[in-house]
file structure.txt (compact mmCIF, C-alpha atoms)
# COMPACT_ATOMS: atom_id res chain seq x y z
CA MET A 3 78.51 112.17 143.56
CA ARG A 4 77.17 108.66 143.00
CA LEU A 5 77.81 106.84 139.74
CA SER A 6 75.30 104.47 138.26
CA LYS A 7 76.19 100.80 138.06
CA LYS A 8 76.08 101.01 134.26
CA LEU A 9 78.58 103.91 134.21
CA VAL A 10 80.89 102.15 136.67
CA ALA A 11 80.88 99.04 134.49
CA SER A 12 81.67 101.13 131.41
CA LEU A 13 84.60 102.84 133.14
CA LEU A 14 86.01 99.52 134.32
CA THR A 15 85.77 98.10 130.81
CA LEU A 16 87.50 101.20 129.38
CA GLY A 17 90.26 100.95 131.97
CA PHE A 18 90.85 97.29 131.16
CA SER A 19 91.03 98.06 127.44
CA LEU A 20 93.55 100.85 127.94
CA ALA A 21 95.70 98.65 130.17
CA SER A 22 95.66 95.89 127.58
CA ALA A 23 96.61 98.30 124.81
CA THR A 24 99.60 99.69 126.69
CA SER A 25 100.90 96.46 128.24
CA PRO A 26 103.82 94.72 126.52
CA ALA A 27 103.06 91.78 124.24
CA ALA A 28 103.26 88.40 125.89
CA THR A 29 106.29 86.25 125.11
CA GLN A 30 105.52 83.53 122.59
CA GLU A 31 107.41 80.25 122.60
CA CYS A 32 107.61 77.36 120.14
CA SER A 33 109.98 74.51 119.32
CA ALA A 34 110.75 71.79 116.80
CA SER A 35 112.93 68.68 116.71
CA SER A 36 114.29 66.73 113.77
CA GLY A 37 113.21 63.17 113.02
CA LYS A 38 114.98 59.95 112.10
CA HIS A 39 115.14 60.53 108.34
CA THR A 40 117.24 63.13 106.51
CA VAL A 41 115.47 66.34 105.53
CA ALA A 42 116.87 67.85 102.33
CA LEU A 43 118.38 71.35 102.25
CA LEU A 44 117.66 73.17 98.98
CA GLU A 45 119.70 76.36 98.55
CA LEU A 46 118.97 78.79 95.73
CA TYR A 47 121.61 81.35 94.78
CA THR A 48 119.72 84.16 93.10
CA SER A 49 119.58 87.92 92.47
CA GLU A 50 116.99 90.53 91.58
CA GLY A 51 119.42 91.71 88.90
CA CYS A 52 119.33 88.37 87.07
CA SER A 53 116.64 87.96 84.38
CA SER A 54 116.77 84.15 84.46
CA CYS A 55 116.30 83.96 88.25
CA PRO A 56 112.52 84.59 88.67
CA PRO A 57 111.53 81.07 87.46
CA ALA A 58 113.90 79.56 90.02
CA ASP A 59 112.47 81.83 92.73
CA ARG A 60 108.98 80.63 91.80
CA LEU A 61 110.03 76.99 91.98
CA LEU A 62 111.46 77.49 95.47
CA SER A 63 108.30 79.31 96.61
CA SER A 64 106.06 76.57 95.20
CA LEU A 65 107.42 73.74 97.36
CA PRO A 66 104.84 74.00 100.22
CA ALA A 67 101.93 74.16 97.74
CA ARG A 68 103.28 71.01 96.09
CA GLU A 69 103.06 69.23 99.46
CA LEU A 70 106.79 69.31 100.06
CA GLY A 71 106.76 70.35 103.70
CA ALA A 72 109.44 71.08 106.25
CA ASP A 73 109.66 67.38 107.14
CA GLN A 74 110.90 66.74 103.59
CA VAL A 75 112.82 69.81 102.45
CA VAL A 76 114.14 73.05 103.93
CA PRO A 77 114.36 75.79 101.26
CA LEU A 78 116.64 78.83 101.46
CA ALA A 79 117.16 81.70 99.02
CA LEU A 80 120.58 83.31 99.30
CA HIS A 81 120.81 86.52 97.27
CA VAL A 82 124.31 87.19 95.91
CA ASP A 83 125.78 90.64 95.36
CA TYR A 84 127.75 90.26 92.11
CA TRP A 85 124.80 91.39 89.98
CA ASP A 86 124.51 94.75 91.74
CA TYR A 87 126.94 96.46 89.33
CA LEU A 88 124.30 96.41 86.55
CA GLY A 89 122.41 99.28 88.15
CA TRP A 90 120.01 97.56 90.53
CA ARG A 91 121.13 96.85 94.06
CA ASP A 92 119.44 93.76 95.41
CA PRO A 93 118.37 94.72 98.98
CA PHE A 94 118.57 91.10 100.11
CA ALA A 95 122.07 90.44 98.74
CA GLN A 96 125.00 89.83 101.07
CA SER A 97 128.65 89.28 100.26
CA LYS A 98 128.76 86.31 102.65
CA PHE A 99 126.27 84.50 100.40
CA THR A 100 128.57 85.06 97.41
CA GLU A 101 131.48 83.76 99.50
CA ARG A 102 129.49 80.66 100.44
CA GLN A 103 128.55 80.04 96.82
CA ARG A 104 132.21 80.26 95.78
CA ARG A 105 133.23 77.87 98.54
CA MET A 106 130.52 75.38 97.57
CA GLY A 107 131.52 75.78 93.93
CA ALA A 108 135.05 74.77 94.83
CA ILE A 109 133.79 71.73 96.74
CA ASN A 110 131.69 70.76 93.70
CA ARG A 111 134.69 71.42 91.40
CA LEU A 112 132.72 73.82 89.26
CA PRO A 113 134.65 75.98 86.76
CA THR A 114 132.54 79.01 87.71
CA ILE A 115 129.59 80.09 89.84
CA TYR A 116 126.32 81.17 88.26
CA THR A 117 122.74 82.23 88.93
CA PRO A 118 120.27 80.84 89.36
CA GLN A 119 122.00 77.92 90.99
CA PHE A 120 120.40 75.24 93.15
CA LEU A 121 122.40 73.23 95.66
CA LEU A 122 120.61 70.16 96.96
CA ASN A 123 122.26 68.83 100.10
CA GLY A 124 125.45 70.60 99.13
CA LYS A 125 125.57 69.30 95.55
CA ASP A 126 125.13 71.32 92.36
CA PHE A 127 121.64 70.41 91.14
CA ARG A 128 120.47 70.66 87.53
CA PRO A 129 118.29 70.48 85.58
CA TRP A 130 115.91 71.77 88.25
CA ARG A 131 112.53 70.88 86.78
CA ALA A 132 109.77 70.24 89.33
CA GLN A 133 109.67 66.46 88.76
CA SER A 134 113.43 66.06 89.14
CA VAL A 135 113.35 68.10 92.36
CA ASN A 136 110.57 65.90 93.78
CA LYS A 137 112.46 62.69 93.01
CA ALA A 138 115.78 63.93 94.37
CA ILE A 139 114.18 65.09 97.62
CA ALA A 140 112.38 61.74 98.04
CA ASP A 141 115.69 59.91 97.58
CA ILE A 142 117.31 62.02 100.32
CA ASN A 143 114.36 61.47 102.68
CA ARG A 144 114.91 57.71 102.50
CA SER A 145 118.32 58.01 104.16
CA LYS A 146 118.82 57.91 107.91
CA ALA A 147 119.67 61.25 109.55
CA ARG A 148 123.27 61.57 110.73
CA ALA A 149 122.55 64.48 113.08
CA GLN A 150 119.85 65.48 115.54
CA LEU A 151 118.61 69.07 115.72
CA GLN A 152 116.34 71.07 117.98
CA ILE A 153 115.19 74.71 117.72
CA ASN A 154 113.44 76.71 120.46
CA LEU A 155 112.18 80.24 119.83
CA LYS A 156 111.03 82.96 122.22
CA GLN A 157 109.56 86.07 120.67
CA ASP A 158 108.85 89.27 122.60
CA ALA A 159 107.93 92.36 120.56
CA ARG A 160 110.97 92.97 118.29
CA GLN A 161 113.24 90.52 120.10
CA LEU A 162 113.71 86.92 118.99
CA GLN A 163 115.67 84.49 121.13
CA ILE A 164 117.00 81.53 119.17
CA MET A 165 118.11 78.46 121.06
CA ALA A 166 119.36 75.57 118.97
CA ASN A 167 121.05 72.26 119.73
CA ALA A 168 122.85 69.88 117.39
CA ASP A 169 124.17 66.43 118.12
CA VAL A 170 126.17 64.15 115.82
CA PRO A 171 126.06 60.61 117.25
CA ASP A 172 128.64 58.97 114.95
CA ALA A 173 132.20 59.78 115.97
CA THR A 174 133.41 59.37 112.37
CA ASP A 175 131.32 62.40 111.32
CA ARG A 176 132.13 64.71 114.21
CA HIS A 177 135.60 65.93 113.25
CA SER A 178 134.56 67.43 109.90
CA VAL A 179 131.10 68.97 110.43
CA ASP A 180 129.82 72.46 111.21
CA ALA A 181 126.44 73.83 112.26
CA TYR A 182 124.63 76.82 110.76
CA ILE A 183 121.72 78.99 111.93
CA VAL A 184 119.73 81.03 109.40
CA LEU A 185 116.92 83.55 109.90
CA TYR A 186 114.70 83.77 106.80
CA GLU A 187 111.68 85.82 105.72
CA ASN A 188 108.71 85.03 103.45
CA LYS A 189 106.29 87.13 101.37
CA LEU A 190 108.73 89.76 100.17
CA LYS A 191 107.72 91.81 97.13
CA ARG A 192 109.83 94.28 95.19
CA ASN A 193 109.27 96.54 92.19
CA VAL A 194 112.51 96.41 90.21
CA LYS A 195 113.37 99.71 88.52
CA ALA A 196 116.74 98.97 86.90
CA GLY A 197 118.89 96.12 85.63
CA GLU A 198 117.77 93.05 83.71
CA ASN A 199 114.41 92.84 85.51
CA THR A 200 113.42 96.48 84.99
CA GLY A 201 109.66 96.97 85.35
CA ARG A 202 108.98 93.58 86.93
CA THR A 203 107.42 92.93 90.32
CA LEU A 204 109.26 90.08 92.01
CA THR A 205 108.04 87.97 94.91
CA HIS A 206 110.47 86.11 97.15
CA ASN A 207 110.16 83.48 99.88
CA PHE A 208 112.62 81.78 102.24
CA VAL A 209 115.01 84.73 101.87
CA ALA A 210 118.02 84.49 104.19
CA ARG A 211 118.23 87.59 106.39
CA GLN A 212 120.83 86.46 108.93
CA PHE A 213 123.32 83.64 108.36
CA VAL A 214 125.40 82.43 111.29
CA GLY A 215 128.17 79.90 110.79
CA PRO A 216 130.16 77.84 110.44
CA ILE A 217 129.86 76.88 114.11
CA ARG A 218 132.30 74.16 115.10
CA LEU A 219 130.87 71.31 117.15
CA LYS A 220 132.44 70.49 120.50
CA SER A 221 132.36 66.91 121.75
CA GLY A 222 129.96 66.06 118.96
CA GLY A 223 127.44 68.77 119.79
CA MET A 224 126.51 72.43 119.46
CA LYS A 225 124.50 74.76 121.68
CA PHE A 226 123.43 78.10 120.23
CA ASP A 227 121.65 80.79 122.26
CA GLU A 228 121.38 84.33 120.93
CA THR A 229 118.75 87.07 121.00
CA LEU A 230 118.29 89.07 117.81
CA THR A 231 116.76 92.51 117.55
CA LEU A 232 114.55 92.37 114.47
CA ALA A 233 115.07 95.10 111.89
CA LYS A 234 112.18 97.53 111.44
CA ASP A 235 111.46 96.38 107.89
CA TRP A 236 111.30 92.67 108.80
CA LYS A 237 107.77 91.30 109.16
CA ALA A 238 107.91 89.24 112.35
CA LYS A 239 104.97 87.01 111.37
CA ASP A 240 106.76 85.96 108.16
CA LEU A 241 110.09 85.00 109.74
CA GLY A 242 111.47 81.56 110.43
CA VAL A 243 114.67 79.88 111.60
CA VAL A 244 116.67 77.10 109.97
CA ALA A 245 119.40 74.96 111.51
CA PHE A 246 121.54 72.51 109.56
CA VAL A 247 124.71 70.48 109.95
CA GLN A 248 127.13 70.18 107.03
CA ASP A 249 130.32 68.27 106.30
CA ARG A 250 132.93 70.88 105.41
CA ARG A 251 134.93 68.44 103.28
CA ASN A 252 132.30 67.38 100.72
CA GLY A 253 129.29 69.62 101.45
CA ASP A 254 127.02 66.77 102.59
CA ILE A 255 124.07 67.82 104.73
CA LEU A 256 123.69 65.54 107.75
CA GLN A 257 120.33 67.05 108.77
CA ALA A 258 118.23 70.21 108.36
CA LEU A 259 115.39 71.64 110.41
CA ALA A 260 113.10 74.66 109.94
CA LEU A 261 110.72 76.39 112.37
CA PRO A 262 108.47 79.39 111.56
CA VAL A 263 108.28 82.03 114.27
CA CYS A 264 105.70 81.46 116.98
CA GLN A 265 102.17 82.51 116.10
call {"tool": "encode", "arguments": {"input": "structure.txt", "output": "structure tokens"}}
result
Amino acid sequence: MRLSKKLVASLLTLGFSLASATSPAATQECSASSGKHTVALLELYTSEGCSSCPPADRLLSSLPARELGADQVVPLALHVDYWDYLGWRDPFAQSKFTERQRRMGAINRLPTIYTPQFLLNGKDFRPWRAQSVNKAIADINRSKARAQLQINLKQDARQLQIMANADVPDATDRHSVDAYIVLYENKLKRNVKAGENTGRTLTHNFVARQFVGPIRLKSGGMKFDETLTLAKDWKAKDLGVVAFVQDRRNGDILQALALPVCQ
């Protein structure tokens, strides 16, 4: 039986399409390095159970649209779990974020912790109006970075390899600093059905999913290399990784760096 040239071409095309559909996705790689100036780290402690938190969530989400990019500020939303008792369990809340907020509250000598709370480079920040945030970030950007950071990502299907390096050149800083690695997710939307925000649809960005640290530096540096299996409900295209170096004595941020997952 002889096949026409047209039919042979069609079968070859079909075979190629099927092979492409069943072959594993190619590994994607990307990287970023910090610059000479200090990038601000803006942490928001928030909860879906807190009725005063949505305006703070919106402010954090608005930073890129207000031309405050990753070379100026690295935003993170850390959802705390102490609001869950009111009847709505925040799915993004983790006890380790509450523990970090308490530790930072002690460093800032605060009488209590609260939500929403902003920490800007480790310092309690209020009032957090847009103009005051812009000015404070600009002031931090004018200072010279005291650490150098690099992030390399390799993504293959539901696996994400994170390789990060940190270096602290000044010996006077080295003995009291730690490094942190955070995996965050954007474009999260939730319909709240209980608690103070009952009936509201909330949108979140820069939500911390995984938080690794403190990592002690050795000989003034840190090398981090781990592969994470992404949870089924995480949207890979909306993930990103943050690295920062912090002084454990006073909370100062020596440098921060963010990198969205490879596209």
call {"tool": "residues_around", "arguments": {"input": "structure.txt", "residues": "segment 139-149 of chain A", "least_positions_apart": "6", "cutoff": "7 Å", "atoms": "only C-alpha atoms", "output": "ChimeraX atom specification"}}
result
/A:38-42,74-75,168-171,256-257
call {"tool": "closest_residue", "arguments": {"input": "structure.txt", "among": "A:Thr205, A:Asn199, A:Asn167, A:Gln248", "to": "Trp90 of chain A", "atoms": "only C-alpha atoms"}}
result
A:Asn199
call {"tool": "residues_around", "arguments": {"input": "structure.txt", "residues": "Phe120 of chain A", "least_positions_apart": "3", "cutoff": "9 Å", "atoms": "all atoms listed in the file", "output": "PyMOL selection string"}}
result
chain A and resi 44-48+58+117+125-128+130
call {"tool": "closest_residue", "arguments": {"input": "structure.txt", "among": "A:Asp175, A:Asp158, A:Asp227, A:Asp240", "to": "Thr29 of chain A", "atoms": "only C-alpha atoms"}}
result
A:Asp158
call {"tool": "closest_residue", "arguments": {"input": "structure.txt", "among": "A:Ala196, A:Leu241, A:Ala132, A:Leu162", "to": "Trp85 of chain A", "atoms": "only C-alpha atoms"}}
result
A:Ala196
call {"tool": "closest_residue", "arguments": {"input": "structure.txt", "among": "A:Leu230, A:Asp73, A:Leu61, A:Asp235", "to": "Gln157 of chain A", "atoms": "only C-alpha atoms"}}
result
A:Leu230
call {"tool": "residues_around", "arguments": {"input": "structure.txt", "residues": "Pro216 of chain A", "least_positions_apart": "4", "cutoff": "9 Å", "atoms": "all atoms listed in the file", "output": "PyMOL selection string"}}
result
chain A and resi 179-183+248
call {"tool": "atom_distance", "arguments": {"input": "structure.txt", "atom1": "atom CA of Leu151 of chain A", "atom2": "atom CA of Phe94 of chain A"}}
result
27.0 Å
call {"tool": "residues_around", "arguments": {"input": "structure.txt", "residues": "Tyr186 of chain A", "least_positions_apart": "3", "cutoff": "8 Å", "atoms": "all atoms listed in the file", "output": "PDB file with C-alpha atoms, in the coordinates of the input"}}
result
ATOM      1  CA  LEU A  78     116.640  78.830 101.460  1.00  0.00           C
ATOM      2  CA  PHE A 208     112.620  81.780 102.240  1.00  0.00           C
ATOM      3  CA  VAL A 209     115.010  84.730 101.870  1.00  0.00           C
ATOM      4  CA  ALA A 210     118.020  84.490 104.190  1.00  0.00           C
ATOM      5  CA  ARG A 211     118.230  87.590 106.390  1.00  0.00           C
ATOM      6  CA  GLN A 212     120.830  86.460 108.930  1.00  0.00           C
ATOM      7  CA  LEU A 241     110.090  85.000 109.740  1.00  0.00           C
ATOM      8  CA  GLY A 242     111.470  81.560 110.430  1.00  0.00           C
ATOM      9  CA  VAL A 243     114.670  79.880 111.600  1.00  0.00           C
ATOM     10  CA  VAL A 244     116.670  77.100 109.970  1.00  0.00           C
TER      11      VAL A 244
END
call {"tool": "closest_residue", "arguments": {"input": "structure.txt", "among": "A:Arg160, A:Pro262, A:Arg176, A:Asn154", "to": "Lys225 of chain A", "atoms": "only C-alpha atoms"}}
result
A:Asn154
call {"tool": "closest_residue", "arguments": {"input": "structure.txt", "among": "A:Ser35, A:Ser63, A:Ser54, A:Gln161", "to": "Leu190 of chain A", "atoms": "only C-alpha atoms"}}
result
A:Ser63
call {"tool": "atom_distance", "arguments": {"input": "structure.txt", "atom1": "atom CA of Ser64 of chain A", "atom2": "atom CA of His206 of chain A"}}
result
10.7 Å
